[in-house]
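Here is the file query-v8.pdb (PDB, C-alpha atoms).
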```
ATOM      1  CA  MET A 111      -3.765 -21.097 -18.923
ATOM      2  CA  HIS A 112      -3.951 -21.921 -15.208
ATOM      3  CA  LEU A 113      -5.974 -19.475 -13.062
ATOM      4  CA  ASN A 114      -7.153 -17.457 -16.044
ATOM      5  CA  GLU A 115     -10.600 -16.799 -17.475
ATOM      6  CA  GLU A 116     -11.320 -15.335 -20.897
ATOM      7  CA  THR A 117     -14.390 -13.226 -21.615
ATOM      8  CA  ILE A 118     -16.268 -14.707 -24.549
ATOM      9  CA  LYS A 119     -19.432 -12.602 -24.265
ATOM     10  CA  SER A 120     -20.326  -9.424 -22.399
ATOM     11  CA  ASP A 121     -23.730  -7.735 -22.263
ATOM     12  CA  LYS A 122     -24.261  -4.353 -20.606
ATOM     13  CA  VAL A 123     -27.343  -4.697 -18.385
ATOM     14  CA  TYR A 124     -27.187  -1.392 -16.512
ATOM     15  CA  GLU A 125     -25.446   1.942 -16.884
ATOM     16  CA  GLY A 126     -25.795   4.479 -14.099
ATOM     17  CA  LYS A 127     -24.108   7.583 -12.760
ATOM     18  CA  ILE A 128     -21.679   5.703 -10.513
ATOM     19  CA  PHE A 129     -21.219   2.291 -12.128
ATOM     20  CA  THR A 130     -22.054  -0.026 -15.028
ATOM     21  CA  ILE A 131     -23.035  -3.684 -14.738
ATOM     22  CA  THR A 132     -22.263  -6.339 -17.334
ATOM     23  CA  HIS A 133     -23.432  -9.938 -17.577
ATOM     24  CA  ASP A 134     -20.465 -11.880 -18.952
ATOM     25  CA  THR A 135     -19.749 -15.400 -20.056
ATOM     26  CA  ALA A 136     -16.217 -16.528 -19.237
ATOM     27  CA  LEU A 137     -14.261 -19.457 -20.610
ATOM     28  CA  LEU A 138     -12.663 -21.393 -17.747
ATOM     29  CA  GLU A 139      -9.308 -23.184 -17.836
ATOM     30  CA  ASP A 140     -11.033 -26.591 -18.077
ATOM     31  CA  GLY A 141     -12.981 -25.556 -21.198
ATOM     32  CA  ASN A 142     -16.313 -24.988 -19.442
ATOM     33  CA  THR A 143     -18.019 -21.610 -19.155
ATOM     34  CA  ALA A 144     -19.294 -19.619 -16.210
ATOM     35  CA  VAL A 145     -21.455 -16.519 -15.777
ATOM     36  CA  ARG A 146     -19.782 -13.460 -14.271
ATOM     37  CA  ASP A 147     -21.834 -10.408 -13.313
ATOM     38  CA  ILE A 148     -19.450  -7.467 -12.995
ATOM     39  CA  LEU A 149     -19.940  -4.053 -11.442
ATOM     40  CA  TRP A 150     -17.576  -1.676 -13.289
ATOM     41  CA  HIS A 151     -16.524   1.305 -11.160
ATOM     42  CA  SER A 152     -14.067   4.138 -11.883
ATOM     43  CA  GLY A 153     -12.373   3.686  -8.516
ATOM     44  CA  GLY A 154     -12.030   5.845  -5.480
ATOM     45  CA  VAL A 155      -9.765   7.358  -2.889
ATOM     46  CA  CYS A 156      -9.839   7.574   0.869
ATOM     47  CA  VAL A 157      -7.740   9.819   3.070
ATOM     48  CA  ILE A 158      -6.944   9.478   6.750
ATOM     49  CA  PRO A 159      -6.125  12.979   8.009
ATOM     50  CA  VAL A 160      -3.729  12.840  10.987
ATOM     51  CA  THR A 161      -2.893  15.864  13.152
ATOM     52  CA  ASP A 162       0.487  16.510  14.769
ATOM     53  CA  ASN A 163      -1.060  15.060  17.975
ATOM     54  CA  ASN A 164      -2.052  11.807  16.226
ATOM     55  CA  GLU A 165      -5.715  12.708  16.147
ATOM     56  CA  ILE A 166      -7.762  11.908  13.047
ATOM     57  CA  PHE A 167     -10.870  13.252  11.396
ATOM     58  CA  LEU A 168     -13.635  10.846  10.447
ATOM     59  CA  VAL A 169     -16.970  11.619   8.857
ATOM     60  CA  LYS A 170     -20.336  10.304   9.959
ATOM     61  CA  GLN A 171     -22.931   9.932   7.265
ATOM     62  CA  PHE A 172     -26.083   8.029   6.465
ATOM     63  CA  ARG A 173     -25.498   5.055   4.169
ATOM     64  CA  TYR A 174     -28.698   4.265   2.338
ATOM     65  CA  PRO A 175     -28.176   0.536   1.571
ATOM     66  CA  PHE A 176     -27.709  -0.219   5.278
ATOM     67  CA  ARG A 177     -30.168   2.401   6.570
ATOM     68  CA  THR A 178     -27.661   3.509   9.185
ATOM     69  CA  VAL A 179     -24.997   6.103   9.957
ATOM     70  CA  THR A 180     -21.413   4.963   9.453
ATOM     71  CA  MET A 181     -18.109   6.407  10.593
ATOM     72  CA  GLU A 182     -15.603   6.629   7.742
ATOM     73  CA  VAL A 183     -12.442   8.299   6.560
ATOM     74  CA  PRO A 184     -13.092  11.034   3.984
ATOM     75  CA  ALA A 185     -13.460   9.393   0.590
ATOM     76  CA  GLY A 186     -14.871   9.739  -2.868
ATOM     77  CA  LYS A 187     -15.110   8.522  -6.418
ATOM     78  CA  LEU A 188     -12.502   9.274  -9.039
ATOM     79  CA  GLU A 189     -13.776  11.577 -11.768
ATOM     80  CA  LYS A 190     -12.917  10.749 -15.375
ATOM     81  CA  GLY A 191      -9.269  11.620 -16.038
ATOM     82  CA  GLU A 192      -8.593  12.605 -12.419
ATOM     83  CA  SER A 193      -5.484  11.280 -10.642
ATOM     84  CA  HIS A 194      -6.077   9.513  -7.344
ATOM     85  CA  PHE A 195      -3.696  11.982  -5.662
ATOM     86  CA  GLU A 196      -5.778  14.991  -6.787
ATOM     87  CA  CYS A 197      -9.012  13.178  -5.923
ATOM     88  CA  GLY A 198      -7.725  12.552  -2.397
ATOM     89  CA  LYS A 199      -6.836  16.213  -1.881
ATOM     90  CA  ARG A 200     -10.224  17.279  -3.252
ATOM     91  CA  GLU A 201     -12.200  14.869  -1.071
ATOM     92  CA  LEU A 202     -10.244  15.790   2.065
ATOM     93  CA  THR A 203     -11.139  19.456   1.645
ATOM     94  CA  GLU A 204     -14.709  18.883   0.445
ATOM     95  CA  GLU A 205     -15.636  16.649   3.367
ATOM     96  CA  THR A 206     -13.558  17.972   6.277
ATOM     97  CA  GLY A 207     -12.564  21.477   5.222
ATOM     98  CA  TYR A 208      -8.866  20.681   5.680
ATOM     99  CA  ILE A 209      -5.973  21.042   3.291
ATOM    100  CA  CYS A 210      -2.648  19.333   3.927
ATOM    101  CA  ASP A 211       1.065  19.828   3.377
ATOM    102  CA  GLU A 212       1.762  16.148   2.748
ATOM    103  CA  MET A 213      -0.118  13.192   1.276
ATOM    104  CA  ILE A 214       1.525   9.817   1.848
ATOM    105  CA  TYR A 215       0.359   6.962  -0.364
ATOM    106  CA  LEU A 216      -0.529   3.868   1.694
ATOM    107  CA  GLY A 217      -1.439   1.648  -1.250
ATOM    108  CA  GLU A 218      -4.625   0.341  -2.756
ATOM    109  CA  MET A 219      -7.334  -2.118  -1.839
ATOM    110  CA  LEU A 220      -9.831  -4.153  -3.829
ATOM    111  CA  PRO A 221     -13.091  -3.814  -1.838
ATOM    112  CA  THR A 222     -14.964  -6.762  -3.374
ATOM    113  CA  PRO A 223     -12.851  -8.371  -6.118
ATOM    114  CA  ALA A 224     -15.253 -11.230  -6.851
ATOM    115  CA  TYR A 225     -17.648  -8.975  -8.776
ATOM    116  CA  ASN A 226     -16.550  -5.321  -8.492
ATOM    117  CA  SER A 227     -13.745  -3.659 -10.486
ATOM    118  CA  GLU A 228     -13.283  -0.824  -7.984
ATOM    119  CA  ILE A 229      -9.814   0.001  -6.716
ATOM    120  CA  THR A 230      -9.647   2.261  -3.654
ATOM    121  CA  HIS A 231      -6.421   4.230  -3.184
ATOM    122  CA  ILE A 232      -5.476   5.060   0.408
ATOM    123  CA  TYR A 233      -3.634   8.183   1.566
ATOM    124  CA  LEU A 234      -2.468   9.576   4.900
ATOM    125  CA  ALA A 235      -2.654  13.382   5.093
ATOM    126  CA  LYS A 236      -0.328  15.352   7.390
ATOM    127  CA  GLY A 237       0.321  19.045   8.015
ATOM    128  CA  LEU A 238      -3.385  19.834   8.242
ATOM    129  CA  LYS A 239      -4.739  23.368   8.024
ATOM    130  CA  PHE A 240      -8.396  24.295   8.073
ATOM    131  CA  SER A 241      -9.639  26.013   4.934
ATOM    132  CA  ARG A 242     -13.359  25.520   4.356
ATOM    133  CA  GLN A 243     -15.664  22.578   3.902
ATOM    134  CA  ASN A 244     -17.289  22.290   0.478
ATOM    135  CA  LEU A 245     -19.807  19.432   0.532
ATOM    136  CA  ASP A 246     -21.612  18.257  -2.592
ATOM    137  CA  LYS A 247     -25.195  19.554  -2.731
ATOM    138  CA  ASP A 248     -26.596  16.091  -1.900
ATOM    139  CA  GLU A 249     -24.027  15.332   0.810
ATOM    140  CA  PHE A 250     -24.751  15.645   4.526
ATOM    141  CA  LEU A 251     -22.198  14.598   7.117
ATOM    142  CA  ASP A 252     -20.652  15.395  10.467
ATOM    143  CA  VAL A 253     -16.903  15.574  11.038
ATOM    144  CA  GLU A 254     -15.593  13.926  14.200
ATOM    145  CA  LYS A 255     -12.104  14.190  15.676
ATOM    146  CA  MET A 256     -10.608  11.420  17.798
ATOM    147  CA  SER A 257      -7.237   9.963  18.668
ATOM    148  CA  LEU A 258      -5.832   7.402  16.283
ATOM    149  CA  THR A 259      -5.526   5.058  19.282
ATOM    150  CA  GLU A 260      -9.283   5.364  19.913
ATOM    151  CA  ALA A 261     -10.011   4.750  16.225
ATOM    152  CA  VAL A 262      -7.953   1.536  16.338
ATOM    153  CA  LYS A 263     -10.065   0.389  19.309
ATOM    154  CA  LEU A 264     -13.256   1.177  17.388
ATOM    155  CA  VAL A 265     -11.999  -0.859  14.429
ATOM    156  CA  MET A 266     -11.079  -3.790  16.645
ATOM    157  CA  ASP A 267     -14.363  -3.819  18.582
ATOM    158  CA  GLY A 268     -16.438  -3.643  15.389
ATOM    159  CA  THR A 269     -17.819  -0.132  15.882
ATOM    160  CA  ILE A 270     -16.112   1.068  12.694
ATOM    161  CA  ARG A 271     -17.485  -1.333  10.098
ATOM    162  CA  ASP A 272     -16.448   0.341   6.838
ATOM    163  CA  GLY A 273     -13.662  -1.654   5.152
ATOM    164  CA  LYS A 274     -11.655   1.207   3.682
ATOM    165  CA  THR A 275     -11.719   2.974   7.043
ATOM    166  CA  GLN A 276     -10.587  -0.128   8.907
ATOM    167  CA  ILE A 277      -7.635  -0.544   6.556
ATOM    168  CA  ALA A 278      -6.702   3.164   6.569
ATOM    169  CA  VAL A 279      -6.830   3.355  10.382
ATOM    170  CA  LEU A 280      -4.753   0.219  10.879
ATOM    171  CA  LYS A 281      -2.199   1.148   8.200
ATOM    172  CA  ALA A 282      -1.826   4.657   9.642
ATOM    173  CA  ALA A 283      -1.412   3.294  13.164
ATOM    174  CA  ARG A 284       1.225   0.844  11.966
ATOM    175  CA  MET A 285       3.072   3.472   9.952
ATOM    176  CA  LEU A 286       3.077   5.916  12.887
ATOM    177  CA  ASN A 287       3.960   3.166  15.411
ATOM    178  CA  ILE A 288       0.815   3.668  17.469
TER     179      ILE A 288
END
```

Go ahead and render the structure in this file as structure tokens.
Amino acid sequence: MHLNEETIKSDKVYEGKIFTITHDTALLEDGNTAVRDILWHSGGVCVIPVTDNNEIFLVKQFRYPFRTVTMEVPAGKLEKGESHFECGKRELTEETGYICDEMIYLGEMLPTPAYNSEITHIYLAKGLKFSRQNLDKDEFLDVEKMSLTEAVKLVMDGTIRDGKTQIAVLKAARMLNI
């Protein structure tokens, strides 16, 4: 079949807390085979919290692979059996301390579809009320508030480098006509 590959062999080479990696052999449409290394991930959710004044909350945190601090929308990994809606609400409160009256689904993105099975679901949170932050014991971050207009500028000038954050900011700005 055109544009289809069939797995003919799959070997698990790593299983960790966050993802599993397999080394696969795929049958191509022309009858040849190719190696496909796949990172299997349960998926995640990101939430762009927007105030009534079109301000947003971003989190700054150290990202070990890049040895730098990034600015991102609140986000996290789906737990087994958890809906992406519930995960989004949980991550919003854990990371920022806010709860919301409304969560608007903005769709999903495939961060790196060539080798990673992760799907990231994107939400916009409105009707924000502060409750209390509840970070994971190994999580350290700062919450920063800025206008959505400023965040769009930071996406466009390359200051905000995180892909899910870029998409969430631009989708929110488009949806809110900013």

(request) Excluding region 123-137 of chain A and any residue of its chain fewer than 4 positions from it, enumerate the residues within 8 Å of it, using all atoms listed in the file, and give them as a list of chain:residue names. (result)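 The residues satisfying every condition are A:Glu115, A:Glu116, A:Thr117, A:Ile118, A:Lys119, A:Gly141, A:Asn142, A:Thr143, A:Ala144, A:Val145, A:Arg146, A:Asp147, A:Ile148, A:Leu149, A:Trp150, A:His151, A:Ser152.
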
(request) Could you list the residues chosen by the PyMOL selection byres ((chain A and resi 285) around 12) in this structure as a PyMOL selection string? (result) chain A and resi 160+164+214-216+233-234+258+277-284+286-288

(request) Translate the PyMOL selection byres ((chain A and resi 168-172) around 7), as applied to the file shown, into an explicit residue set as a PyMOL selection string. (result) chain A and resi 166-167+173-174+177-184+250-255

(message) Give me the residues near Asp267 (chain A) as a list of chain:residue names, where near means some atom within 12 Å (using all atoms listed in the file) and where sequence neighbours in that chain fewer than 6 positions away do not count.
(response) A:Glu260, A:Ala261, A:Gln276

Do you have, as a Markdown table, the list of residues of region 122-173 of chain A lying at most 7 Å from region 186-193 of chain A, each with its nearest atom pair and that distance in Å to one decimal, counting all atoms listed in the file and ordered by chain then number?
```
| residue | atom | partner | partner_atom | distance |
| --- | --- | --- | --- | --- |
| A:Ser152 | CA | A:Leu188 | CA | 6.1 |
| A:Gly153 | CA | A:Leu188 | CA | 5.6 |
| A:Gly154 | CA | A:Lys187 | CA | 4.2 |
| A:Val155 | CA | A:Gly186 | CA | 5.6 |
| A:Cys156 | CA | A:Gly186 | CA | 6.6 |
```

(request) Go ahead and compute the interatomic distance for CA of Asp246 (chain A) and CA of Thr269 (chain A), in Å to one decimal. (result)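 Atom-to-atom, CA of Asp246 (chain A) to CA of Thr269 (chain A), that is 26.3 Å.
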
Return as AutoDock Vina command-line options the centre and edge lengths, in Å with one decimal, of the box along x, y and z that encloses every atom of region 222-231 of chain A in the file, padded by 4 Å per side.
```
--center_x -12.0 --center_y -3.5 --center_z -6.8 --size_x 19.2 --size_y 23.5 --size_z 15.3
```

(message) Between CA of Leu245 (chain A) and CA of Lys199 (chain A), what is the distance in Å, rounded to a tenth?
(response)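 The value is 13.6 Å.
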
(message) Given the PyMOL selection byres ((chain A and resi 244) around 10) and the file above, list the residues it selects as a count of residues only.
(response) 15

(message) If I take CA of Ala235 (chain A) and CA of Asp211 (chain A), how far is one from the other in Å, to one decimal?
(response)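 Separating CA of Ala235 (chain A) from CA of Asp211 (chain A) is a distance of 7.6 Å.
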
With N, CA and C atoms as the goal, would you fill in the gaps in region 120-143 of chain A and present it as a PDB file, in the frame of the given file?
```
ATOM      1  N   SER A 120     -20.057 -10.419 -23.433  1.00  0.00           N
ATOM      2  CA  SER A 120     -20.326  -9.424 -22.399  1.00  0.00           C
ATOM      3  C   SER A 120     -21.514  -8.582 -22.837  1.00  0.00           C
ATOM      4  N   ASP A 121     -22.543  -8.537 -21.988  1.00  0.00           N
ATOM      5  CA  ASP A 121     -23.730  -7.735 -22.263  1.00  0.00           C
ATOM      6  C   ASP A 121     -23.905  -6.699 -21.169  1.00  0.00           C
ATOM      7  N   LYS A 122     -24.012  -5.419 -21.570  1.00  0.00           N
ATOM      8  CA  LYS A 122     -24.261  -4.353 -20.606  1.00  0.00           C
ATOM      9  C   LYS A 122     -25.725  -4.446 -20.185  1.00  0.00           C
ATOM     10  N   VAL A 123     -25.966  -4.582 -18.877  1.00  0.00           N
ATOM     11  CA  VAL A 123     -27.343  -4.697 -18.385  1.00  0.00           C
ATOM     12  C   VAL A 123     -27.794  -3.454 -17.619  1.00  0.00           C
ATOM     13  N   TYR A 124     -26.833  -2.613 -17.227  1.00  0.00           N
ATOM     14  CA  TYR A 124     -27.187  -1.392 -16.512  1.00  0.00           C
ATOM     15  C   TYR A 124     -26.062  -0.391 -16.654  1.00  0.00           C
ATOM     16  N   GLU A 125     -26.431   0.869 -16.890  1.00  0.00           N
ATOM     17  CA  GLU A 125     -25.446   1.942 -16.884  1.00  0.00           C
ATOM     18  C   GLU A 125     -26.015   3.098 -16.079  1.00  0.00           C
ATOM     19  N   GLY A 126     -25.338   3.418 -14.979  1.00  0.00           N
ATOM     20  CA  GLY A 126     -25.795   4.479 -14.099  1.00  0.00           C
ATOM     21  C   GLY A 126     -24.748   5.555 -13.942  1.00  0.00           C
ATOM     22  N   LYS A 127     -25.003   6.456 -13.016  1.00  0.00           N
ATOM     23  CA  LYS A 127     -24.108   7.583 -12.760  1.00  0.00           C
ATOM     24  C   LYS A 127     -22.794   7.126 -12.131  1.00  0.00           C
ATOM     25  N   ILE A 128     -22.857   6.112 -11.277  1.00  0.00           N
ATOM     26  CA  ILE A 128     -21.679   5.703 -10.513  1.00  0.00           C
ATOM     27  C   ILE A 128     -21.021   4.440 -11.055  1.00  0.00           C
ATOM     28  N   PHE A 129     -21.789   3.545 -11.633  1.00  0.00           N
ATOM     29  CA  PHE A 129     -21.219   2.291 -12.128  1.00  0.00           C
ATOM     30  C   PHE A 129     -22.033   1.720 -13.272  1.00  0.00           C
ATOM     31  N   THR A 130     -21.430   0.734 -13.951  1.00  0.00           N
ATOM     32  CA  THR A 130     -22.054  -0.026 -15.028  1.00  0.00           C
ATOM     33  C   THR A 130     -22.011  -1.491 -14.629  1.00  0.00           C
ATOM     34  N   ILE A 131     -23.023  -2.249 -15.018  1.00  0.00           N
ATOM     35  CA  ILE A 131     -23.035  -3.684 -14.738  1.00  0.00           C
ATOM     36  C   ILE A 131     -23.106  -4.447 -16.058  1.00  0.00           C
ATOM     37  N   THR A 132     -22.222  -5.447 -16.179  1.00  0.00           N
ATOM     38  CA  THR A 132     -22.263  -6.339 -17.334  1.00  0.00           C
ATOM     39  C   THR A 132     -22.543  -7.766 -16.877  1.00  0.00           C
ATOM     40  N   HIS A 133     -23.154  -8.507 -17.770  1.00  0.00           N
ATOM     41  CA  HIS A 133     -23.432  -9.938 -17.577  1.00  0.00           C
ATOM     42  C   HIS A 133     -22.537 -10.648 -18.587  1.00  0.00           C
ATOM     43  N   ASP A 134     -21.487 -11.292 -18.099  1.00  0.00           N
ATOM     44  CA  ASP A 134     -20.465 -11.880 -18.952  1.00  0.00           C
ATOM     45  C   ASP A 134     -20.512 -13.405 -18.926  1.00  0.00           C
ATOM     46  N   THR A 135     -20.016 -13.970 -20.006  1.00  0.00           N
ATOM     47  CA  THR A 135     -19.749 -15.400 -20.056  1.00  0.00           C
ATOM     48  C   THR A 135     -18.248 -15.559 -20.174  1.00  0.00           C
ATOM     49  N   ALA A 136     -17.669 -16.348 -19.275  1.00  0.00           N
ATOM     50  CA  ALA A 136     -16.217 -16.528 -19.237  1.00  0.00           C
ATOM     51  C   ALA A 136     -15.862 -17.971 -19.547  1.00  0.00           C
ATOM     52  N   LEU A 137     -14.802 -18.135 -20.312  1.00  0.00           N
ATOM     53  CA  LEU A 137     -14.261 -19.457 -20.610  1.00  0.00           C
ATOM     54  C   LEU A 137     -13.273 -19.820 -19.506  1.00  0.00           C
ATOM     55  N   LEU A 138     -13.512 -20.947 -18.849  1.00  0.00           N
ATOM     56  CA  LEU A 138     -12.663 -21.393 -17.747  1.00  0.00           C
ATOM     57  C   LEU A 138     -11.496 -22.232 -18.260  1.00  0.00           C
ATOM     58  N   GLU A 139     -10.512 -22.451 -17.421  1.00  0.00           N
ATOM     59  CA  GLU A 139      -9.308 -23.184 -17.836  1.00  0.00           C
ATOM     60  C   GLU A 139      -9.588 -24.630 -18.220  1.00  0.00           C
ATOM     61  N   ASP A 140     -10.705 -25.202 -17.721  1.00  0.00           N
ATOM     62  CA  ASP A 140     -11.033 -26.591 -18.077  1.00  0.00           C
ATOM     63  C   ASP A 140     -11.914 -26.692 -19.324  1.00  0.00           C
ATOM     64  N   GLY A 141     -12.181 -25.557 -19.984  1.00  0.00           N
ATOM     65  CA  GLY A 141     -12.981 -25.556 -21.198  1.00  0.00           C
ATOM     66  C   GLY A 141     -14.461 -25.282 -20.975  1.00  0.00           C
ATOM     67  N   ASN A 142     -14.919 -25.306 -19.744  1.00  0.00           N
ATOM     68  CA  ASN A 142     -16.313 -24.988 -19.442  1.00  0.00           C
ATOM     69  C   ASN A 142     -16.492 -23.475 -19.374  1.00  0.00           C
ATOM     70  N   THR A 143     -17.733 -23.036 -19.272  1.00  0.00           N
ATOM     71  CA  THR A 143     -18.019 -21.610 -19.155  1.00  0.00           C
ATOM     72  C   THR A 143     -18.712 -21.321 -17.832  1.00  0.00           C
TER      73      THR A 143
END
```
